[in-house]
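*Asks:* For reference, this is query-v9.cif, and it has mmCIF, C-alpha atoms.
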```cif
data_target
loop_
_atom_site.label_atom_id
_atom_site.label_comp_id
_atom_site.auth_asym_id
_atom_site.auth_seq_id
_atom_site.Cartn_x
_atom_site.Cartn_y
_atom_site.Cartn_z
CA MET C 117 -99.20 91.63 -110.55
CA ILE C 118 -97.30 94.49 -112.17
CA LEU C 119 -93.99 95.48 -110.56
CA TRP C 120 -92.54 98.95 -110.91
CA ASN C 121 -89.07 98.76 -109.41
CA LEU C 122 -88.09 102.30 -110.36
CA ILE C 123 -84.96 102.23 -108.20
CA HIS C 124 -82.74 99.49 -106.85
CA GLY C 125 -80.72 99.35 -103.66
CA CYS C 126 -81.45 99.92 -100.00
CA HIS C 127 -79.92 100.16 -96.52
CA ARG C 128 -80.67 97.77 -93.69
CA LYS C 129 -83.00 99.52 -91.28
CA SER C 130 -84.02 97.10 -88.52
CA GLU C 131 -84.04 93.49 -87.32
CA GLY C 132 -86.13 92.16 -90.20
CA CYS C 133 -83.48 93.29 -92.70
CA ARG C 134 -80.74 90.97 -91.44
CA TYR C 135 -81.27 88.31 -94.11
CA CYS C 136 -82.98 90.48 -96.73
CA TYR C 137 -83.30 88.57 -100.02
CA ILE C 138 -82.36 91.68 -102.03
CA PHE C 139 -79.00 91.92 -100.26
CA THR C 140 -78.47 88.15 -100.60
CA ARG C 141 -79.23 88.12 -104.31
CA ASP C 142 -77.12 91.21 -104.98
CA GLU C 143 -74.16 89.74 -103.11
CA GLN C 144 -74.37 86.62 -105.27
CA ASN C 145 -74.21 88.85 -108.33
CA GLY C 146 -71.41 91.10 -107.06
CA ILE C 147 -73.70 94.11 -106.59
CA ASP C 148 -73.39 96.62 -103.74
CA THR C 149 -76.98 96.99 -102.51
CA ASN C 150 -76.14 100.14 -100.58
CA ILE C 151 -75.65 102.03 -103.85
CA ILE C 152 -79.08 103.42 -104.78
CA ARG C 153 -79.74 103.89 -108.48
CA LYS C 154 -82.53 104.35 -110.97
CA THR C 155 -83.43 101.29 -113.02
CA ALA C 156 -84.40 100.86 -116.67
CA SER C 157 -88.01 100.73 -115.40
CA TRP C 158 -87.83 104.23 -113.93
CA ASN C 159 -90.52 105.67 -116.22
CA LEU C 160 -92.50 102.44 -116.77
CA PRO C 161 -95.92 104.03 -116.03
CA MET C 162 -95.40 106.44 -118.93
CA LYS C 163 -94.29 103.85 -121.49
CA LYS C 164 -96.46 102.76 -124.42
CA ASP C 165 -96.08 99.98 -126.95
CA ARG C 166 -95.81 100.44 -130.72
CA GLN C 167 -99.57 100.69 -130.99
CA GLY C 168 -99.61 103.54 -128.49
CA VAL C 169 -101.14 101.42 -125.73
CA TRP C 170 -99.97 101.82 -122.15
CA LYS C 171 -97.55 99.06 -121.10
CA ILE C 172 -99.21 99.17 -117.67
CA PRO C 173 -102.90 98.58 -118.45
CA GLU C 174 -105.59 100.91 -117.20
CA GLY C 175 -107.06 99.83 -113.87
CA SER C 176 -103.92 98.05 -112.63
CA VAL C 177 -102.61 98.19 -109.08
CA VAL C 178 -98.86 98.64 -109.40
CA MET C 179 -96.53 97.09 -106.83
CA THR C 180 -94.09 99.97 -106.42
CA CYS C 181 -90.43 99.98 -105.37
CA PHE C 182 -90.22 96.39 -104.11
CA SER C 183 -86.43 96.20 -104.54
CA SER C 184 -85.92 99.30 -102.41
CA ASP C 185 -87.85 101.72 -100.17
CA PHE C 186 -89.65 104.66 -101.81
CA PHE C 187 -88.88 106.83 -98.75
CA LEU C 188 -85.10 106.40 -98.71
CA GLU C 189 -83.07 109.59 -98.36
CA GLU C 190 -81.44 109.00 -101.75
CA MET C 191 -84.88 109.02 -103.35
CA ASP C 192 -85.43 112.63 -102.24
CA ALA C 193 -83.81 113.97 -105.42
CA TRP C 194 -86.04 111.88 -107.68
CA ARG C 195 -89.29 111.45 -105.75
CA ASP C 196 -91.11 114.48 -107.20
CA GLU C 197 -90.71 113.03 -110.67
CA ALA C 198 -92.04 109.68 -109.49
CA TRP C 199 -95.05 111.24 -107.75
CA ASN C 200 -95.78 113.20 -110.92
CA MET C 201 -95.88 110.00 -112.99
CA MET C 202 -98.42 108.60 -110.52
CA ARG C 203 -100.37 111.85 -110.77
CA LEU C 204 -100.48 111.64 -114.57
CA ARG C 205 -101.60 108.01 -114.56
CA LYS C 206 -104.97 108.68 -112.94
CA ASP C 207 -106.14 105.24 -114.09
CA LEU C 208 -103.70 103.33 -111.84
CA GLY C 209 -103.38 102.44 -108.18
CA PHE C 210 -100.01 102.15 -106.45
CA TYR C 211 -98.98 99.88 -103.56
CA MET C 212 -95.72 100.36 -101.66
CA VAL C 213 -94.06 98.99 -98.52
CA THR C 214 -91.78 100.97 -96.21
CA LYS C 215 -89.83 100.66 -92.99
CA ARG C 216 -89.51 104.44 -92.77
CA PRO C 217 -92.85 105.93 -91.64
CA GLU C 218 -91.00 108.77 -89.91
CA ARG C 219 -90.01 110.14 -93.34
CA ILE C 220 -93.35 109.91 -95.12
CA VAL C 221 -95.00 113.16 -94.06
CA ASN C 222 -92.14 115.26 -95.42
CA CYS C 223 -92.04 113.27 -98.65
CA LEU C 224 -95.64 113.76 -99.76
CA PRO C 225 -96.21 116.13 -102.70
CA ASP C 226 -98.19 119.37 -102.50
CA TYR C 227 -100.91 117.71 -104.58
CA TRP C 228 -101.21 114.68 -102.26
CA ASN C 229 -104.99 115.09 -102.14
CA GLU C 230 -105.06 114.17 -105.83
CA LEU C 231 -103.17 110.95 -105.16
CA LYS C 232 -104.12 109.74 -101.71
CA ASP C 233 -107.11 107.63 -102.73
CA ARG C 234 -104.99 105.70 -105.26
CA VAL C 235 -101.93 105.01 -103.11
CA ILE C 236 -101.76 102.22 -100.52
CA ILE C 237 -98.82 102.49 -98.14
CA CYS C 238 -97.91 99.47 -96.05
CA CYS C 239 -95.56 99.75 -93.06
CA THR C 240 -93.40 96.82 -91.97
CA MET C 241 -93.36 95.96 -88.26
CA GLU C 242 -91.47 92.71 -87.69
CA ASN C 243 -91.34 92.57 -83.88
CA GLN C 244 -92.74 94.30 -80.80
CA ARG C 245 -90.06 96.97 -80.75
CA ARG C 246 -90.98 98.08 -84.27
CA VAL C 247 -94.72 97.94 -83.60
CA ASP C 248 -94.31 100.24 -80.62
CA GLU C 249 -92.00 102.55 -82.57
CA ARG C 250 -93.70 102.69 -85.96
CA LEU C 251 -97.42 102.18 -85.40
CA PRO C 252 -98.12 105.55 -83.69
CA LEU C 253 -96.15 107.39 -86.37
CA PHE C 254 -97.93 105.53 -89.14
CA GLN C 255 -101.41 106.08 -87.72
CA ASP C 256 -100.85 109.85 -87.57
CA LEU C 257 -100.06 110.16 -91.27
CA PRO C 258 -102.56 111.75 -93.72
CA LEU C 259 -102.98 108.54 -95.74
CA THR C 260 -106.28 107.17 -97.01
CA HIS C 261 -105.08 103.57 -97.22
CA LYS C 262 -102.81 102.18 -94.50
CA GLU C 263 -101.76 98.56 -94.15
CA ILE C 264 -99.31 96.72 -91.89
CA ILE C 265 -97.06 93.84 -92.83
CA VAL C 266 -95.57 91.71 -90.08
CA GLU C 267 -92.90 89.98 -92.14
CA PRO C 268 -90.58 88.43 -91.37
CA MET C 269 -92.50 87.80 -88.15
CA LEU C 270 -89.78 87.40 -85.51
CA GLU C 271 -91.85 87.12 -82.35
CA GLN C 272 -95.35 87.38 -80.96
CA ILE C 273 -96.61 90.95 -81.17
CA ASP C 274 -99.33 92.97 -79.48
CA PHE C 275 -101.03 95.94 -81.13
CA HIS C 276 -102.40 96.94 -77.72
CA GLY C 277 -105.95 96.91 -79.03
CA ASN C 278 -105.20 99.86 -81.31
CA LEU C 279 -105.42 99.27 -85.03
CA ASP C 280 -107.34 102.47 -85.72
CA GLY C 281 -107.05 103.58 -89.34
CA ILE C 282 -105.47 100.32 -90.50
CA GLU C 283 -107.26 98.48 -93.29
CA LYS C 284 -105.33 95.21 -93.36
CA VAL C 285 -102.56 93.27 -91.63
CA THR C 286 -100.44 90.76 -93.53
CA VAL C 287 -98.21 88.27 -91.70
CA GLY C 288 -95.51 85.87 -92.84
CA GLY C 289 -92.41 84.02 -91.76
CA GLU C 290 -88.87 84.50 -93.04
CA SER C 291 -87.52 82.81 -96.18
CA GLY C 292 -83.97 81.77 -97.05
CA ILE C 293 -81.34 79.42 -95.64
CA ASN C 294 -80.82 81.60 -92.55
CA ALA C 295 -84.52 82.01 -91.80
CA ARG C 296 -85.46 82.58 -88.20
CA PRO C 297 -88.38 80.51 -86.90
CA CYS C 298 -92.00 81.60 -87.07
CA ARG C 299 -94.65 80.02 -84.83
CA TYR C 300 -98.21 79.37 -85.92
CA GLU C 301 -99.58 80.59 -82.61
CA TRP C 302 -98.05 84.03 -83.32
CA ILE C 303 -99.92 84.12 -86.64
CA LEU C 304 -103.19 83.13 -85.02
CA ASP C 305 -102.81 85.77 -82.33
CA VAL C 306 -102.46 88.54 -84.94
CA ARG C 307 -105.50 87.09 -86.67
CA ARG C 308 -107.43 87.36 -83.40
CA GLN C 309 -106.41 90.99 -82.97
CA CYS C 310 -107.52 91.80 -86.52
CA ALA C 311 -110.86 90.07 -85.96
CA GLU C 312 -111.42 92.08 -82.79
CA ALA C 313 -110.58 95.28 -84.67
CA GLY C 314 -112.80 94.32 -87.61
CA ILE C 315 -110.06 94.61 -90.26
CA HIS C 316 -108.71 92.33 -92.98
CA PHE C 317 -106.08 89.68 -92.22
CA HIS C 318 -103.81 87.84 -94.69
CA PHE C 319 -101.42 84.96 -93.97
CA MET C 320 -98.86 85.35 -96.78
CA GLN C 321 -96.34 82.60 -96.09
CA THR C 322 -95.17 80.26 -93.36
CA GLY C 323 -91.48 81.04 -93.67
CA ALA C 324 -88.72 78.47 -94.20
CA ARG C 325 -88.73 77.37 -90.52
CA PHE C 326 -92.32 77.06 -89.39
CA ILE C 327 -93.29 75.72 -85.97
CA LYS C 328 -96.76 74.27 -85.49
CA ASP C 329 -98.02 71.97 -82.74
CA GLY C 330 -94.49 71.55 -81.41
CA ARG C 331 -93.06 70.43 -84.79
CA THR C 332 -90.61 72.39 -86.91
CA PHE C 333 -91.21 72.26 -90.65
CA HIS C 334 -88.51 73.18 -93.18
CA LEU C 335 -90.23 74.45 -96.32
CA ASN C 336 -89.10 75.74 -99.69
CA HIS C 337 -90.54 79.03 -100.92
CA HIS C 338 -93.29 77.45 -103.02
CA LEU C 339 -94.51 75.36 -100.09
CA GLN C 340 -94.36 78.34 -97.72
CA ILE C 341 -96.99 80.17 -99.77
CA GLN C 342 -98.96 77.01 -100.51
CA GLN C 343 -99.21 75.96 -96.86
CA ALA C 344 -100.29 79.45 -95.81
CA ARG C 345 -103.13 79.28 -98.32
CA LYS C 346 -104.11 75.81 -97.15
CA ALA C 347 -104.53 77.12 -93.62
CA ARG C 348 -107.58 79.09 -94.89
CA ILE C 349 -107.43 81.65 -92.11
CA ASP C 350 -107.60 84.85 -94.22
CA PHE C 351 -110.55 87.14 -93.87
#
```
Please express what this file holds, its structure, as structure tokens.

*Replies:*
Amino acid sequence: MILWNLIHGCHRKSEGCRYCYIFTRDEQNGIDTNIIRKTASWNLPMKKDRQGVWKIPEGSVVMTCFSSDFFLEEMDAWRDEAWNMMRLRKDLGFYMVTKRPERIVNCLPDYWNELKDRVIICCTMENQRRVDERLPLFQDLPLTHKEIIVEPMLEQIDFHGNLDGIEKVTVGGESGINARPCRYEWILDVRRQCAEAGIHFHFMQTGARFIKDGRTFHLNHHLQIQQARKARIDF
């Protein structure tokens, strides 16, 4: 997995942000997460090594802006440059996650048709309120590849039988010492909805407080991912 964290910093947007690991880590290091700034990796897609070989190899899918949100207001001044780097690297795909679907349509470049088949945009919807708010907005966007991530999953959610245009749903519980509980039956219910819609489903992690068959399990981050894989419920 290749990460391109071109900017750092964010603002809490909704309920899932309460215990965001970026804010927690920054606080431990005396960093104000609300200050948005470019990083040393800003132009990573355009960098080459001493032999003139791309540092991001041809054919890679690049996980983009995972320590921020590509559609933040502060990114408006820099986004055109970022889109242009993606445009120039025609040999790469880009994957990004956002909590701001309402901003996307006005942030797409004029040459979006050149990019749309290589960019996967995933919208976070952590509870029913955010599903009802964000899903209609997200479905209306002119995106070729749309995914949903329900993480941290804070309650059982219902997509109301409408996952039109969505390619995949990923679910996962919350990590960290303050993690809110995630129930296995919530995970299975999203899986059922994906199966009925005929789209991909991925169980990413259990979360630190995972409830299954009436028992609460307290798991470190490694075990959260491991136990999700052991469930073997992806499709």

*Asks:* Would you mind listing what lies within 7 Å of segment 262-268 of chain C as a list in words, with only C-alpha atoms counted and same-chain residues fewer than 4 positions away left out?

*Replies:*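 Residues near the query, excluding close chain neighbours: Gly132, Ile236, Ile237, Cys238, Cys239, Thr240, Met241, Glu242, Gly281, Ile282, Glu283, Lys284, Val285, Thr286, Val287, Gly288, Gly289 and Glu290 of chain C.
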
*Asks:* Using the chain letters and numbers from the file, which residues does the PyMOL selection byres ((chain C and resi 209) around 7) grab, as a PDB file with C-alpha atoms, in the frame of the given file?

*Replies:*
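Written file, out.pdb:
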```pdb
ATOM      1  CA  SER C 176    -103.920  98.050-112.630  1.00  0.00           C
ATOM      2  CA  VAL C 177    -102.610  98.190-109.080  1.00  0.00           C
ATOM      3  CA  VAL C 178     -98.860  98.640-109.400  1.00  0.00           C
ATOM      4  CA  LEU C 208    -103.700 103.330-111.840  1.00  0.00           C
ATOM      5  CA  PHE C 210    -100.010 102.150-106.450  1.00  0.00           C
ATOM      6  CA  TYR C 211     -98.980  99.880-103.560  1.00  0.00           C
ATOM      7  CA  ARG C 234    -104.990 105.700-105.260  1.00  0.00           C
ATOM      8  CA  VAL C 235    -101.930 105.010-103.110  1.00  0.00           C
TER       9      VAL C 235
END
```

*Asks:* Could you check the closest approach to Ile123 of chain C for each of C:Ala311, C:Leu224, C:Ala156, C:Cys136 and tell me which residue wins, using all atoms listed in the file?

*Replies:*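 Closest to Ile123 of chain C of all the choices is C:Ala156.
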
*Asks:* List, as a VMD selection string, every residue that the PyMOL selection byres ((chain C and resi 249-261) around 6) selects in the file provided.

*Replies:* chain C and resid 217 232 to 233 236 246 to 248 262

*Asks:* Pick from C:Asn294, C:Asn222, C:Gln343, C:Ser184: nearest to Tyr135 of chain C, with all atoms listed in the file counted?

*Replies:*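 Smallest separation from Tyr135 of chain C among the options: C:Asn294.
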
*Asks:* Could you tell me which residues the PyMOL selection byres ((chain C and resi 314-319) around 9) returns for this structure, as a list of chain:residue names?

*Replies:*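 What the PyMOL selection byres ((chain C and resi 314-319) around 9) grabs from the file is C:Leu279, C:Ile282, C:Glu283, C:Lys284, C:Val285, C:Thr286, C:Val287, C:Gly288, C:Ile303, C:Val306, C:Arg307, C:Gln309, C:Cys310, C:Ala311, C:Glu312, C:Ala313, C:Met320, C:Gln321, C:Thr322, C:Ile341, C:Ala344, C:Arg345, C:Ala347, C:Arg348, C:Ile349, C:Asp350, C:Phe351.
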
*Asks:* When distances are computed from only C-alpha atoms, which of C:Trp194, C:Tyr227, C:Phe186, C:Tyr137 shows the smallest separation from Asn121 of chain C?

*Replies:*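 Using only C-alpha atoms, Asn121 of chain C sits closest to C:Phe186.
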
*Asks:* Would you give the centre and edge lengths, in Å to one decimal, of a box along x, y and z around the listed atoms of segment 250-266 of chain C, with 5 Å added to each side, as lines of an AutoDock Vina configuration file?

*Replies:*
```
center_x = -100.0
center_y = 101.7
center_z = -90.5
size_x = 22.6
size_y = 30.0
size_z = 23.5
```

*Asks:* Set the distance at 10 Å and use only C-alpha atoms: which residues neighbour Ala198 of chain C once local chain neighbours fewer than 3 positions away are removed? I'd like the list as a PyMOL selection string.

*Replies:* chain C and resi 122+158-159+161+186+191+194-195+201-203

*Asks:* Nearest to Arg205 of chain C: which of C:Arg134, C:Arg219, C:Arg325, C:Lys163 is it, counting all atoms listed in the file?

*Replies:*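 Answer, going by the shortest atom-to-atom distance: C:Lys163.
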
*Asks:* For each of C:Val221, C:Arg141, C:Thr155, C:Ile293, take the minimum atom-to-atom distance to Leu335 of chain C, counting only C-alpha atoms, then give the residue where this is smallest.

*Replies:*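 Among the listed residues, C:Ile293 lies closest to Leu335 of chain C.
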
*Asks:* One decimal, Å: what's the distance from atom CA of Glu218 of chain C over to atom CA of Lys129 of chain C, could you say?

*Replies:*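 Atom CA of Lys129 of chain C lies 12.3 Å from atom CA of Glu218 of chain C.
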
*Asks:* Check the smallest atom-to-atom distance from each of C:Phe326, C:His124, C:Phe187, C:Gly292 to Ile151 of chain C using only C-alpha atoms, then report the winner.

*Replies:*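 Among the listed residues, C:His124 lies closest to Ile151 of chain C.
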
*Asks:* Quick one, how far is atom CA of Asp185 of chain C from atom CA of Ile118 of chain C?

*Replies:*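 It comes out at 16.9 Å.
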
*Asks:* If I put a ball of radius 10 Å at (-96.7, 79.0, -83.0) in the file's coordinates, which residues poke into it when counting only C-alpha atoms, written as a ChimeraX atom specification?

*Replies:* /C:271-272,297-305,326-332

*Asks:* Could you jot down the atom CA of Leu204 of chain C to atom CA of Pro225 of chain C separation for me, Å, one decimal place?

*Replies:*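 Result for atom CA of Leu204 of chain C versus atom CA of Pro225 of chain C: 13.4 Å, one decimal.
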